[in-house]
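The next block is entry-v4.pdb, given as PDB, C-alpha atoms.
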```
ATOM      1  CA  MET F 168     -24.598  40.838   2.455  1.00  0.00           C
ATOM      2  CA  THR F 169     -24.359  37.104   1.865  1.00  0.00           C
ATOM      3  CA  SER F 170     -21.076  35.650   3.071  1.00  0.00           C
ATOM      4  CA  LYS F 171     -19.002  33.298   0.922  1.00  0.00           C
ATOM      5  CA  VAL F 172     -19.806  30.397   3.248  1.00  0.00           C
ATOM      6  CA  GLN F 173     -23.528  31.131   3.027  1.00  0.00           C
ATOM      7  CA  LYS F 174     -23.252  31.325  -0.764  1.00  0.00           C
ATOM      8  CA  LEU F 175     -21.449  27.981  -0.857  1.00  0.00           C
ATOM      9  CA  LYS F 176     -24.236  26.481   1.221  1.00  0.00           C
ATOM     10  CA  GLN F 177     -26.736  27.593  -1.400  1.00  0.00           C
ATOM     11  CA  LEU F 178     -24.945  25.798  -4.218  1.00  0.00           C
ATOM     12  CA  VAL F 179     -26.393  22.624  -5.635  1.00  0.00           C
ATOM     13  CA  ALA F 180     -24.710  20.449  -8.251  1.00  0.00           C
ATOM     14  CA  VAL F 181     -27.250  19.451 -10.864  1.00  0.00           C
ATOM     15  CA  LYS F 182     -26.467  16.464 -13.073  1.00  0.00           C
ATOM     16  CA  VAL F 183     -28.929  15.895 -15.859  1.00  0.00           C
ATOM     17  CA  GLY F 184     -28.708  12.360 -17.224  1.00  0.00           C
ATOM     18  CA  ARG F 185     -25.089  11.623 -18.144  1.00  0.00           C
ATOM     19  CA  ARG F 186     -24.132  15.233 -18.752  1.00  0.00           C
ATOM     20  CA  LYS F 187     -21.476  17.003 -16.698  1.00  0.00           C
ATOM     21  CA  PRO F 188     -22.868  18.435 -13.438  1.00  0.00           C
ATOM     22  CA  ARG F 189     -23.347  22.202 -13.226  1.00  0.00           C
ATOM     23  CA  LEU F 190     -23.602  24.375 -10.131  1.00  0.00           C
ATOM     24  CA  VAL F 191     -26.865  26.131  -9.426  1.00  0.00           C
ATOM     25  CA  GLU F 192     -27.374  28.748  -6.718  1.00  0.00           C
ATOM     26  CA  SER F 193     -30.703  28.184  -5.009  1.00  0.00           C
ATOM     27  CA  LYS F 194     -31.342  28.761  -1.335  1.00  0.00           C
ATOM     28  CA  LYS F 195     -34.719  27.003  -1.529  1.00  0.00           C
ATOM     29  CA  LEU F 196     -33.371  23.907  -3.270  1.00  0.00           C
ATOM     30  CA  ALA F 197     -30.297  23.639  -1.014  1.00  0.00           C
ATOM     31  CA  ARG F 198     -32.512  23.958   2.049  1.00  0.00           C
ATOM     32  CA  ALA F 199     -34.933  21.339   0.735  1.00  0.00           C
ATOM     33  CA  LEU F 200     -32.037  18.933   0.165  1.00  0.00           C
ATOM     34  CA  GLU F 201     -30.586  19.580   3.624  1.00  0.00           C
ATOM     35  CA  ASP F 202     -33.965  19.108   5.308  1.00  0.00           C
ATOM     36  CA  ALA F 203     -34.755  16.006   3.248  1.00  0.00           C
ATOM     37  CA  HIS F 204     -31.547  14.276   4.308  1.00  0.00           C
ATOM     38  CA  GLU F 205     -32.203  15.077   7.969  1.00  0.00           C
ATOM     39  CA  LEU F 206     -35.797  13.869   7.672  1.00  0.00           C
ATOM     40  CA  VAL F 207     -34.779  10.626   5.946  1.00  0.00           C
ATOM     41  CA  GLU F 208     -32.330   9.936   8.798  1.00  0.00           C
ATOM     42  CA  LEU F 209     -35.032  10.721  11.388  1.00  0.00           C
ATOM     43  CA  ARG F 210     -37.461   8.419   9.565  1.00  0.00           C
ATOM     44  CA  ARG F 211     -34.897   5.598   9.674  1.00  0.00           C
ATOM     45  CA  GLN F 212     -34.473   6.090  13.422  1.00  0.00           C
ATOM     46  CA  VAL F 213     -38.249   5.996  13.936  1.00  0.00           C
ATOM     47  CA  ASP F 214     -38.547   2.865  11.763  1.00  0.00           C
ATOM     48  CA  ARG F 215     -35.822   1.109  13.761  1.00  0.00           C
ATOM     49  CA  GLU F 216     -37.516   2.078  17.023  1.00  0.00           C
ATOM     50  CA  LEU F 217     -40.912   0.928  15.707  1.00  0.00           C
ATOM     51  CA  ALA F 218     -39.452  -2.409  14.622  1.00  0.00           C
ATOM     52  CA  ARG F 219     -38.128  -2.897  18.174  1.00  0.00           C
ATOM     53  CA  LYS F 220     -41.572  -2.139  19.626  1.00  0.00           C
ATOM     54  CA  GLN F 221     -43.317  -4.387  17.086  1.00  0.00           C
ATOM     55  CA  LYS F 222     -41.080  -7.300  18.031  1.00  0.00           C
ATOM     56  CA  ILE F 223     -42.318  -7.019  21.630  1.00  0.00           C
ATOM     57  CA  PHE F 224     -45.891  -7.694  20.437  1.00  0.00           C
ATOM     58  CA  VAL F 225     -44.891 -10.450  18.042  1.00  0.00           C
ATOM     59  CA  ASP F 226     -43.014 -12.234  20.859  1.00  0.00           C
ATOM     60  CA  TYR F 227     -45.921 -11.708  23.248  1.00  0.00           C
ATOM     61  CA  VAL F 228     -48.490 -13.050  20.767  1.00  0.00           C
ATOM     62  CA  ALA F 229     -46.273 -16.080  20.082  1.00  0.00           C
ATOM     63  CA  GLY F 230     -46.615 -16.979  23.764  1.00  0.00           C
ATOM     64  CA  LEU F 231     -50.414 -16.613  23.761  1.00  0.00           C
ATOM     65  CA  ASP F 232     -52.860 -19.413  23.166  1.00  0.00           C
ATOM     66  CA  VAL F 233     -54.564 -17.852  20.122  1.00  0.00           C
ATOM     67  CA  PRO F 234     -57.172 -19.945  18.245  1.00  0.00           C
ATOM     68  CA  PRO F 235     -56.107 -20.675  14.618  1.00  0.00           C
ATOM     69  CA  HIS F 236     -59.011 -18.732  13.082  1.00  0.00           C
ATOM     70  CA  VAL F 237     -57.966 -15.479  14.780  1.00  0.00           C
ATOM     71  CA  ARG F 238     -56.413 -13.046  12.309  1.00  0.00           C
ATOM     72  CA  LYS F 239     -55.939 -10.026  14.558  1.00  0.00           C
ATOM     73  CA  VAL F 240     -54.936  -9.482  18.166  1.00  0.00           C
ATOM     74  CA  THR F 241     -55.626  -6.033  19.596  1.00  0.00           C
ATOM     75  CA  PHE F 242     -53.824  -4.626  22.613  1.00  0.00           C
ATOM     76  CA  TYR F 243     -55.082  -1.669  24.624  1.00  0.00           C
ATOM     77  CA  ALA F 244     -53.300   0.413  27.236  1.00  0.00           C
ATOM     78  CA  GLY F 245     -55.296   3.463  28.269  1.00  0.00           C
ATOM     79  CA  GLU F 246     -56.242   5.362  25.116  1.00  0.00           C
ATOM     80  CA  ARG F 247     -53.619   3.676  22.988  1.00  0.00           C
ATOM     81  CA  GLN F 248     -54.083   0.652  20.798  1.00  0.00           C
ATOM     82  CA  ALA F 249     -51.860  -1.777  18.907  1.00  0.00           C
ATOM     83  CA  ASP F 250     -53.123  -4.294  16.341  1.00  0.00           C
ATOM     84  CA  VAL F 251     -51.138  -7.398  15.491  1.00  0.00           C
ATOM     85  CA  ARG F 252     -52.277  -8.927  12.213  1.00  0.00           C
ATOM     86  CA  LEU F 253     -51.554 -12.612  11.830  1.00  0.00           C
ATOM     87  CA  SER F 254     -51.516 -13.758   8.255  1.00  0.00           C
ATOM     88  CA  ASN F 255     -50.481 -16.681   6.143  1.00  0.00           C
ATOM     89  CA  LYS F 256     -49.728 -16.424   2.471  1.00  0.00           C
TER      90      LYS F 256
ATOM     91  CA  MET Y 227     -64.101 -11.652  36.484  1.00  0.00           C
ATOM     92  CA  ASP Y 228     -61.371  -9.068  35.836  1.00  0.00           C
ATOM     93  CA  THR Y 229     -59.136  -9.110  38.902  1.00  0.00           C
ATOM     94  CA  ILE Y 230     -56.187  -7.340  37.306  1.00  0.00           C
ATOM     95  CA  PRO Y 231     -55.595  -3.986  39.036  1.00  0.00           C
ATOM     96  CA  ASN Y 232     -56.114  -0.897  36.917  1.00  0.00           C
ATOM     97  CA  THR Y 233     -52.522   0.323  36.871  1.00  0.00           C
ATOM     98  CA  GLU Y 234     -50.616   2.012  34.040  1.00  0.00           C
ATOM     99  CA  ASN Y 235     -49.098  -1.395  33.201  1.00  0.00           C
ATOM    100  CA  ARG Y 236     -52.456  -3.045  32.709  1.00  0.00           C
ATOM    101  CA  VAL Y 237     -52.933  -4.340  29.192  1.00  0.00           C
ATOM    102  CA  THR Y 238     -56.137  -5.514  27.548  1.00  0.00           C
ATOM    103  CA  VAL Y 239     -55.563  -8.230  24.958  1.00  0.00           C
ATOM    104  CA  LYS Y 240     -58.359  -8.993  22.513  1.00  0.00           C
ATOM    105  CA  PRO Y 241     -57.703 -11.880  20.087  1.00  0.00           C
ATOM    106  CA  GLY Y 242     -60.096 -11.291  17.169  1.00  0.00           C
ATOM    107  CA  ARG Y 243     -63.681 -11.570  18.390  1.00  0.00           C
ATOM    108  CA  GLU Y 244     -62.719 -13.726  21.359  1.00  0.00           C
ATOM    109  CA  LYS Y 245     -63.280 -12.501  24.889  1.00  0.00           C
ATOM    110  CA  GLU Y 246     -60.743  -9.932  26.013  1.00  0.00           C
ATOM    111  CA  ARG Y 247     -58.093 -10.888  28.538  1.00  0.00           C
ATOM    112  CA  PHE Y 248     -56.223  -8.667  30.958  1.00  0.00           C
ATOM    113  CA  ALA Y 249     -52.597  -8.740  31.947  1.00  0.00           C
ATOM    114  CA  VAL Y 250     -50.019  -6.617  33.705  1.00  0.00           C
ATOM    115  CA  ASN Y 251     -46.977  -6.244  31.524  1.00  0.00           C
ATOM    116  CA  ALA Y 252     -44.889  -3.082  31.798  1.00  0.00           C
ATOM    117  CA  GLU Y 253     -42.951  -3.771  28.581  1.00  0.00           C
ATOM    118  CA  VAL Y 254     -46.053  -4.330  26.441  1.00  0.00           C
ATOM    119  CA  ALA Y 255     -47.944  -1.393  28.015  1.00  0.00           C
ATOM    120  CA  GLN Y 256     -44.993   0.913  27.320  1.00  0.00           C
ATOM    121  CA  ALA Y 257     -44.640  -0.483  23.780  1.00  0.00           C
ATOM    122  CA  ILE Y 258     -48.306   0.356  23.061  1.00  0.00           C
ATOM    123  CA  ARG Y 259     -47.806   3.943  24.238  1.00  0.00           C
ATOM    124  CA  ASP Y 260     -44.444   4.355  22.480  1.00  0.00           C
ATOM    125  CA  GLY Y 261     -45.683   2.682  19.309  1.00  0.00           C
ATOM    126  CA  ALA Y 262     -48.613   5.057  18.937  1.00  0.00           C
ATOM    127  CA  ALA Y 263     -46.354   8.062  19.576  1.00  0.00           C
ATOM    128  CA  LEU Y 264     -43.825   6.774  17.037  1.00  0.00           C
ATOM    129  CA  GLU Y 265     -46.559   6.324  14.408  1.00  0.00           C
ATOM    130  CA  GLU Y 266     -47.618   9.942  14.935  1.00  0.00           C
ATOM    131  CA  ARG Y 267     -43.993  11.066  14.628  1.00  0.00           C
ATOM    132  CA  LYS Y 268     -43.596   9.023  11.455  1.00  0.00           C
ATOM    133  CA  LYS Y 269     -46.601  10.750   9.914  1.00  0.00           C
ATOM    134  CA  ILE Y 270     -45.228  14.215  10.742  1.00  0.00           C
ATOM    135  CA  ILE Y 271     -41.835  13.302   9.238  1.00  0.00           C
ATOM    136  CA  ASP Y 272     -43.488  11.857   6.121  1.00  0.00           C
ATOM    137  CA  ASP Y 273     -45.569  15.001   5.618  1.00  0.00           C
ATOM    138  CA  GLN Y 274     -42.504  17.223   5.978  1.00  0.00           C
ATOM    139  CA  LEU Y 275     -40.467  14.987   3.697  1.00  0.00           C
ATOM    140  CA  ALA Y 276     -43.245  15.033   1.069  1.00  0.00           C
ATOM    141  CA  GLU Y 277     -43.042  18.855   0.999  1.00  0.00           C
ATOM    142  CA  ARG Y 278     -39.255  18.786   0.467  1.00  0.00           C
ATOM    143  CA  LYS Y 279     -39.593  16.103  -2.205  1.00  0.00           C
ATOM    144  CA  GLU Y 280     -42.161  18.252  -3.971  1.00  0.00           C
ATOM    145  CA  THR Y 281     -39.709  21.199  -4.059  1.00  0.00           C
ATOM    146  CA  ILE Y 282     -36.990  18.929  -5.483  1.00  0.00           C
ATOM    147  CA  ARG Y 283     -39.376  17.284  -7.958  1.00  0.00           C
ATOM    148  CA  ALA Y 284     -40.709  20.664  -9.145  1.00  0.00           C
ATOM    149  CA  TYR Y 285     -37.163  21.912  -9.746  1.00  0.00           C
ATOM    150  CA  ALA Y 286     -36.250  18.752 -11.691  1.00  0.00           C
ATOM    151  CA  LEU Y 287     -39.394  19.091 -13.805  1.00  0.00           C
ATOM    152  CA  SER Y 288     -38.655  22.782 -14.448  1.00  0.00           C
ATOM    153  CA  LEU Y 289     -35.441  21.759 -16.220  1.00  0.00           C
ATOM    154  CA  GLY Y 290     -37.623  20.211 -18.900  1.00  0.00           C
ATOM    155  CA  ASP Y 291     -34.984  17.741 -20.002  1.00  0.00           C
ATOM    156  CA  ALA Y 292     -36.089  14.451 -21.495  1.00  0.00           C
ATOM    157  CA  VAL Y 293     -33.843  12.269 -19.348  1.00  0.00           C
ATOM    158  CA  SER Y 294     -34.720   9.516 -16.923  1.00  0.00           C
ATOM    159  CA  VAL Y 295     -32.528  10.627 -13.991  1.00  0.00           C
ATOM    160  CA  ILE Y 296     -31.586  14.031 -12.564  1.00  0.00           C
ATOM    161  CA  THR Y 297     -29.134  14.060  -9.665  1.00  0.00           C
ATOM    162  CA  LEU Y 298     -28.939  16.979  -7.259  1.00  0.00           C
ATOM    163  CA  SER Y 299     -25.973  17.130  -4.871  1.00  0.00           C
ATOM    164  CA  SER Y 300     -25.161  19.421  -1.989  1.00  0.00           C
ATOM    165  CA  ASP Y 301     -22.933  19.278   1.097  1.00  0.00           C
ATOM    166  CA  ASP Y 302     -25.537  17.088   2.773  1.00  0.00           C
ATOM    167  CA  GLY Y 303     -25.709  14.405   0.130  1.00  0.00           C
ATOM    168  CA  GLU Y 304     -27.472  13.516  -3.055  1.00  0.00           C
ATOM    169  CA  ALA Y 305     -31.032  13.364  -4.310  1.00  0.00           C
ATOM    170  CA  LYS Y 306     -31.927  11.404  -7.420  1.00  0.00           C
ATOM    171  CA  VAL Y 307     -35.085  12.268  -9.289  1.00  0.00           C
ATOM    172  CA  THR Y 308     -36.136   9.379 -11.490  1.00  0.00           C
ATOM    173  CA  PHE Y 309     -38.728   9.885 -14.190  1.00  0.00           C
ATOM    174  CA  LYS Y 310     -40.732   6.809 -15.016  1.00  0.00           C
ATOM    175  CA  ASP Y 311     -43.805   6.159 -17.101  1.00  0.00           C
ATOM    176  CA  ARG Y 312     -46.171   3.405 -16.197  1.00  0.00           C
ATOM    177  CA  VAL Y 313     -47.627   1.964 -19.359  1.00  0.00           C
ATOM    178  CA  ALA Y 314     -50.777  -0.117 -19.135  1.00  0.00           C
ATOM    179  CA  ILE Y 315     -52.870  -2.021 -21.654  1.00  0.00           C
ATOM    180  CA  PRO Y 316     -56.510  -1.062 -21.009  1.00  0.00           C
ATOM    181  CA  ASP Y 317     -57.874  -3.080 -23.953  1.00  0.00           C
ATOM    182  CA  ALA Y 318     -55.804  -6.189 -24.651  1.00  0.00           C
ATOM    183  CA  ASP Y 319     -58.123  -7.451 -27.410  1.00  0.00           C
ATOM    184  CA  ALA Y 320     -57.837  -4.211 -29.373  1.00  0.00           C
ATOM    185  CA  LEU Y 321     -54.060  -4.275 -28.998  1.00  0.00           C
ATOM    186  CA  ARG Y 322     -53.970  -7.930 -30.076  1.00  0.00           C
ATOM    187  CA  ALA Y 323     -56.000  -7.060 -33.161  1.00  0.00           C
ATOM    188  CA  HIS Y 324     -53.681  -4.160 -33.933  1.00  0.00           C
ATOM    189  CA  LEU Y 325     -50.411  -6.028 -33.403  1.00  0.00           C
ATOM    190  CA  GLY Y 326     -51.519  -9.321 -34.940  1.00  0.00           C
ATOM    191  CA  ASP Y 327     -48.763 -11.981 -34.781  1.00  0.00           C
ATOM    192  CA  ARG Y 328     -46.401  -9.580 -33.027  1.00  0.00           C
ATOM    193  CA  PHE Y 329     -48.652  -9.492 -29.925  1.00  0.00           C
ATOM    194  CA  ALA Y 330     -47.084 -12.644 -28.426  1.00  0.00           C
ATOM    195  CA  ASP Y 331     -43.568 -11.230 -28.859  1.00  0.00           C
ATOM    196  CA  LEU Y 332     -44.346  -7.763 -27.544  1.00  0.00           C
ATOM    197  CA  VAL Y 333     -46.734  -8.427 -24.660  1.00  0.00           C
ATOM    198  CA  THR Y 334     -46.085 -10.477 -21.545  1.00  0.00           C
ATOM    199  CA  VAL Y 335     -49.195 -12.286 -20.352  1.00  0.00           C
ATOM    200  CA  GLU Y 336     -49.394 -13.222 -16.663  1.00  0.00           C
ATOM    201  CA  THR Y 337     -52.062 -15.337 -14.968  1.00  0.00           C
ATOM    202  CA  LYS Y 338     -52.257 -15.041 -11.199  1.00  0.00           C
ATOM    203  CA  TYR Y 339     -54.070 -17.487  -8.935  1.00  0.00           C
ATOM    204  CA  LYS Y 340     -54.845 -16.159  -5.477  1.00  0.00           C
ATOM    205  CA  PRO Y 341     -56.598 -18.141  -2.718  1.00  0.00           C
ATOM    206  CA  SER Y 342     -59.728 -16.503  -1.331  1.00  0.00           C
ATOM    207  CA  ALA Y 343     -60.180 -16.050   2.443  1.00  0.00           C
ATOM    208  CA  ALA Y 344     -62.819 -18.824   2.308  1.00  0.00           C
ATOM    209  CA  LEU Y 345     -60.338 -21.250   0.730  1.00  0.00           C
ATOM    210  CA  VAL Y 346     -57.683 -20.399   3.360  1.00  0.00           C
ATOM    211  CA  ASP Y 347     -60.251 -21.001   6.109  1.00  0.00           C
ATOM    212  CA  GLN Y 348     -61.241 -24.342   4.578  1.00  0.00           C
ATOM    213  CA  ALA Y 349     -57.634 -25.459   4.332  1.00  0.00           C
ATOM    214  CA  SER Y 350     -56.684 -24.312   7.837  1.00  0.00           C
ATOM    215  CA  SER Y 351     -59.679 -25.741   9.714  1.00  0.00           C
ATOM    216  CA  GLY Y 352     -58.689 -28.765  11.808  1.00  0.00           C
ATOM    217  CA  ASP Y 353     -61.132 -31.213  10.180  1.00  0.00           C
ATOM    218  CA  GLY Y 354     -60.429 -29.827   6.712  1.00  0.00           C
ATOM    219  CA  ASP Y 355     -59.707 -31.600   3.442  1.00  0.00           C
ATOM    220  CA  PRO Y 356     -56.130 -33.041   3.540  1.00  0.00           C
ATOM    221  CA  GLU Y 357     -55.959 -33.098  -0.271  1.00  0.00           C
ATOM    222  CA  LEU Y 358     -56.766 -29.371  -0.296  1.00  0.00           C
ATOM    223  CA  ARG Y 359     -53.908 -28.698   2.151  1.00  0.00           C
ATOM    224  CA  ARG Y 360     -51.555 -30.676  -0.090  1.00  0.00           C
ATOM    225  CA  LEU Y 361     -52.489 -28.474  -3.053  1.00  0.00           C
ATOM    226  CA  LEU Y 362     -51.668 -25.227  -1.243  1.00  0.00           C
ATOM    227  CA  THR Y 363     -48.402 -23.947   0.167  1.00  0.00           C
ATOM    228  CA  VAL Y 364     -48.534 -21.930   3.362  1.00  0.00           C
ATOM    229  CA  LYS Y 365     -45.740 -19.605   4.317  1.00  0.00           C
ATOM    230  CA  ALA Y 366     -46.147 -17.972   7.725  1.00  0.00           C
ATOM    231  CA  GLN Y 367     -45.440 -14.255   7.595  1.00  0.00           C
ATOM    232  CA  THR Y 368     -44.158 -12.056  10.378  1.00  0.00           C
ATOM    233  CA  PRO Y 369     -47.264 -10.629  12.053  1.00  0.00           C
ATOM    234  CA  ALA Y 370     -47.842  -6.990  11.114  1.00  0.00           C
ATOM    235  CA  VAL Y 371     -48.208  -4.564  14.025  1.00  0.00           C
ATOM    236  CA  ALA Y 372     -50.128  -1.284  13.719  1.00  0.00           C
ATOM    237  CA  PHE Y 373     -50.634   1.370  16.370  1.00  0.00           C
ATOM    238  CA  LYS Y 374     -53.413   3.884  16.881  1.00  0.00           C
ATOM    239  CA  ARG Y 375     -55.262   5.792  19.545  1.00  0.00           C
ATOM    240  CA  LYS Y 376     -58.212   3.888  20.948  1.00  0.00           C
ATOM    241  CA  PHE Y 377     -60.752   6.534  19.933  1.00  0.00           C
ATOM    242  CA  ASP Y 378     -59.390   7.369  16.478  1.00  0.00           C
TER     243      ASP Y 378
END
```

Structure encoded using structure tokens:
Amino acid sequence: MTSKVQKLKQLVAVKVGRRKPRLVESKKLARALEDAHELVELRRQVDRELARKQKIFVDYVAGLDVPPHVRKVTFYAGERQADVRLSNK
Amino acid sequence: MDTIPNTENRVTVKPGREKERFAVNAEVAQAIRDGAALEERKKIIDDQLAERKETIRAYALSLGDAVSVITLSSDDGEAKVTFKDRVAIPDADALRAHLGDRFADLVTVETKYKPSAALVDQASSGDGDPELRRLLTVKAQTPAVAFKRKFD
């Protein structure tokens, strides 16, 4: 039998346009919302971490003597690769 | 000759088509490895998120209401589904003929001038045309960094 707490967890408030919100019981929808929020938070963490890593390359390239016509600097370490694209707009 | 030892901190740096250089830099070597792993993680998250978004989008569409926004809330937070139509004008001349004088009032006309790669090269070359450089504005952008496996 589904407990009251479980039932509450399956409730989603649905607000269509400016109408008053109504409660809908949907395990699938509630789960999708829960997962989506967790995934969005994870994505933000990954983006922040990536930005930190990218800054390392940008700082490194700034200290290199790169000819002005060069648009891309590629770094290799073992099987991994990082491309730094230099562009002017 | 390459005299840099082949350690895990060895980095190969290749600026464009110039000759590659070698360096030992633990921070950069680790950043290359971490960056590639983070890109893979990002892709997995995006794929999973796309599935959840599809479930939410399908539910919102199933309501069949002609509104622009549907908000779904649960204990974990809120999801807004926004319905938008992108309207394009495939044949401006036909529309102009149809609308007549009202065309100017109802349609926004934009002209965009974009420098070609050849023009940018001309302007940025050391012995280039100074008048050409005066006629262009150059705004340096933050270099974009992308990660991938070497044999992808």

Test item: chain F residues at most 6 Å from chain Y, counting all atoms listed in the file, as a CSV table (one decimal) with C-alpha atoms, in the coordinates of the input:
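This went into iface-v7.csv:
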```csv
chain,number,residue,atom,x,y,z
F,179,VAL,CA,-26.4,22.6,-5.6
F,180,ALA,CA,-24.7,20.4,-8.3
F,181,VAL,CA,-27.2,19.5,-10.9
F,182,LYS,CA,-26.5,16.5,-13.1
F,183,VAL,CA,-28.9,15.9,-15.9
F,184,GLY,CA,-28.7,12.4,-17.2
F,199,ALA,CA,-34.9,21.3,0.7
F,201,GLU,CA,-30.6,19.6,3.6
F,203,ALA,CA,-34.8,16.0,3.2
F,220,LYS,CA,-41.6,-2.1,19.6
F,221,GLN,CA,-43.3,-4.4,17.1
F,237,VAL,CA,-58.0,-15.5,14.8
F,239,LYS,CA,-55.9,-10.0,14.6
F,240,VAL,CA,-54.9,-9.5,18.2
F,241,THR,CA,-55.6,-6.0,19.6
F,242,PHE,CA,-53.8,-4.6,22.6
F,243,TYR,CA,-55.1,-1.7,24.6
F,244,ALA,CA,-53.3,0.4,27.2
F,246,GLU,CA,-56.2,5.4,25.1
F,247,ARG,CA,-53.6,3.7,23.0
F,248,GLN,CA,-54.1,0.7,20.8
F,249,ALA,CA,-51.9,-1.8,18.9
F,250,ASP,CA,-53.1,-4.3,16.3
F,251,VAL,CA,-51.1,-7.4,15.5
F,252,ARG,CA,-52.3,-8.9,12.2
F,253,LEU,CA,-51.6,-12.6,11.8
F,255,ASN,CA,-50.5,-16.7,6.1
F,256,LYS,CA,-49.7,-16.4,2.5
```

**OP:** Find the distance between CA of Val225 (chain F) and CA of Glu266 (chain Y) and write it in Å to one decimal.
**Re:** 20.8 Å

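CA of Asp214 (chain F) is found 26.4 Å from CA of Leu196 (chain F).
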
Take every atom of region 248-255 of chain Y listed in the file, pad by 6 Å on each side, and give me the axis-aligned box centre and edge lengths in Å, one decimal, as lines of an AutoDock Vina configuration file.
```
center_x = -49.6
center_y = -5.1
center_z = 30.1
size_x = 25.3
size_y = 19.3
size_z = 19.3
```

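Interatomic distance, CA of Lys310 (chain Y) against CA of Ala323 (chain Y): 27.5 Å.
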
Could you write region 299-314 of chain Y of the block just shown to a file containing N, CA and C atoms, as a PDB file, in the first residue's frame?
```pdb
ATOM      1  N   SER Y 299       5.164  22.315 -10.118  1.00  0.00           N
ATOM      2  CA  SER Y 299       5.936  22.441  -8.876  1.00  0.00           C
ATOM      3  C   SER Y 299       5.823  21.172  -8.053  1.00  0.00           C
ATOM      4  N   SER Y 300       6.928  20.833  -7.429  1.00  0.00           N
ATOM      5  CA  SER Y 300       6.949  19.708  -6.485  1.00  0.00           C
ATOM      6  C   SER Y 300       7.812  20.128  -5.301  1.00  0.00           C
ATOM      7  N   ASP Y 301       8.038  19.201  -4.377  1.00  0.00           N
ATOM      8  CA  ASP Y 301       8.899  19.491  -3.221  1.00  0.00           C
ATOM      9  C   ASP Y 301      10.274  19.991  -3.653  1.00  0.00           C
ATOM     10  N   ASP Y 302      10.745  19.494  -4.794  1.00  0.00           N
ATOM     11  CA  ASP Y 302      12.112  19.777  -5.219  1.00  0.00           C
ATOM     12  C   ASP Y 302      12.290  21.115  -5.920  1.00  0.00           C
ATOM     13  N   GLY Y 303      11.187  21.706  -6.320  1.00  0.00           N
ATOM     14  CA  GLY Y 303      11.297  22.989  -7.016  1.00  0.00           C
ATOM     15  C   GLY Y 303      10.269  23.103  -8.120  1.00  0.00           C
ATOM     16  N   GLU Y 304      10.602  23.916  -9.090  1.00  0.00           N
ATOM     17  CA  GLU Y 304       9.630  24.293 -10.109  1.00  0.00           C
ATOM     18  C   GLU Y 304      10.176  24.004 -11.504  1.00  0.00           C
ATOM     19  N   ALA Y 305       9.302  23.709 -12.418  1.00  0.00           N
ATOM     20  CA  ALA Y 305       9.721  23.590 -13.820  1.00  0.00           C
ATOM     21  C   ALA Y 305       8.732  24.399 -14.642  1.00  0.00           C
ATOM     22  N   LYS Y 306       9.251  25.268 -15.467  1.00  0.00           N
ATOM     23  CA  LYS Y 306       8.384  26.097 -16.318  1.00  0.00           C
ATOM     24  C   LYS Y 306       8.493  25.588 -17.747  1.00  0.00           C
ATOM     25  N   VAL Y 307       7.354  25.314 -18.342  1.00  0.00           N
ATOM     26  CA  VAL Y 307       7.356  24.905 -19.743  1.00  0.00           C
ATOM     27  C   VAL Y 307       6.824  26.093 -20.540  1.00  0.00           C
ATOM     28  N   THR Y 308       7.654  26.620 -21.403  1.00  0.00           N
ATOM     29  CA  THR Y 308       7.264  27.805 -22.167  1.00  0.00           C
ATOM     30  C   THR Y 308       7.036  27.414 -23.618  1.00  0.00           C
ATOM     31  N   PHE Y 309       5.891  27.751 -24.120  1.00  0.00           N
ATOM     32  CA  PHE Y 309       5.561  27.436 -25.517  1.00  0.00           C
ATOM     33  C   PHE Y 309       5.827  28.680 -26.365  1.00  0.00           C
ATOM     34  N   LYS Y 310       6.636  28.492 -27.365  1.00  0.00           N
ATOM     35  CA  LYS Y 310       6.971  29.633 -28.227  1.00  0.00           C
ATOM     36  C   LYS Y 310       6.891  29.210 -29.675  1.00  0.00           C
ATOM     37  N   ASP Y 311       6.458  30.113 -30.518  1.00  0.00           N
ATOM     38  CA  ASP Y 311       6.478  29.843 -31.959  1.00  0.00           C
ATOM     39  C   ASP Y 311       7.530  30.728 -32.592  1.00  0.00           C
ATOM     40  N   ARG Y 312       8.305  30.161 -33.451  1.00  0.00           N
ATOM     41  CA  ARG Y 312       9.260  30.987 -34.185  1.00  0.00           C
ATOM     42  C   ARG Y 312       8.672  31.258 -35.564  1.00  0.00           C
ATOM     43  N   VAL Y 313       8.419  32.516 -35.833  1.00  0.00           N
ATOM     44  CA  VAL Y 313       7.792  32.865 -37.103  1.00  0.00           C
ATOM     45  C   VAL Y 313       8.841  33.465 -38.032  1.00  0.00           C
ATOM     46  N   ALA Y 314       8.928  32.919 -39.221  1.00  0.00           N
ATOM     47  CA  ALA Y 314       9.918  33.402 -40.184  1.00  0.00           C
ATOM     48  C   ALA Y 314       9.225  33.948 -41.429  1.00  0.00           C
TER      49      ALA Y 314
END
```
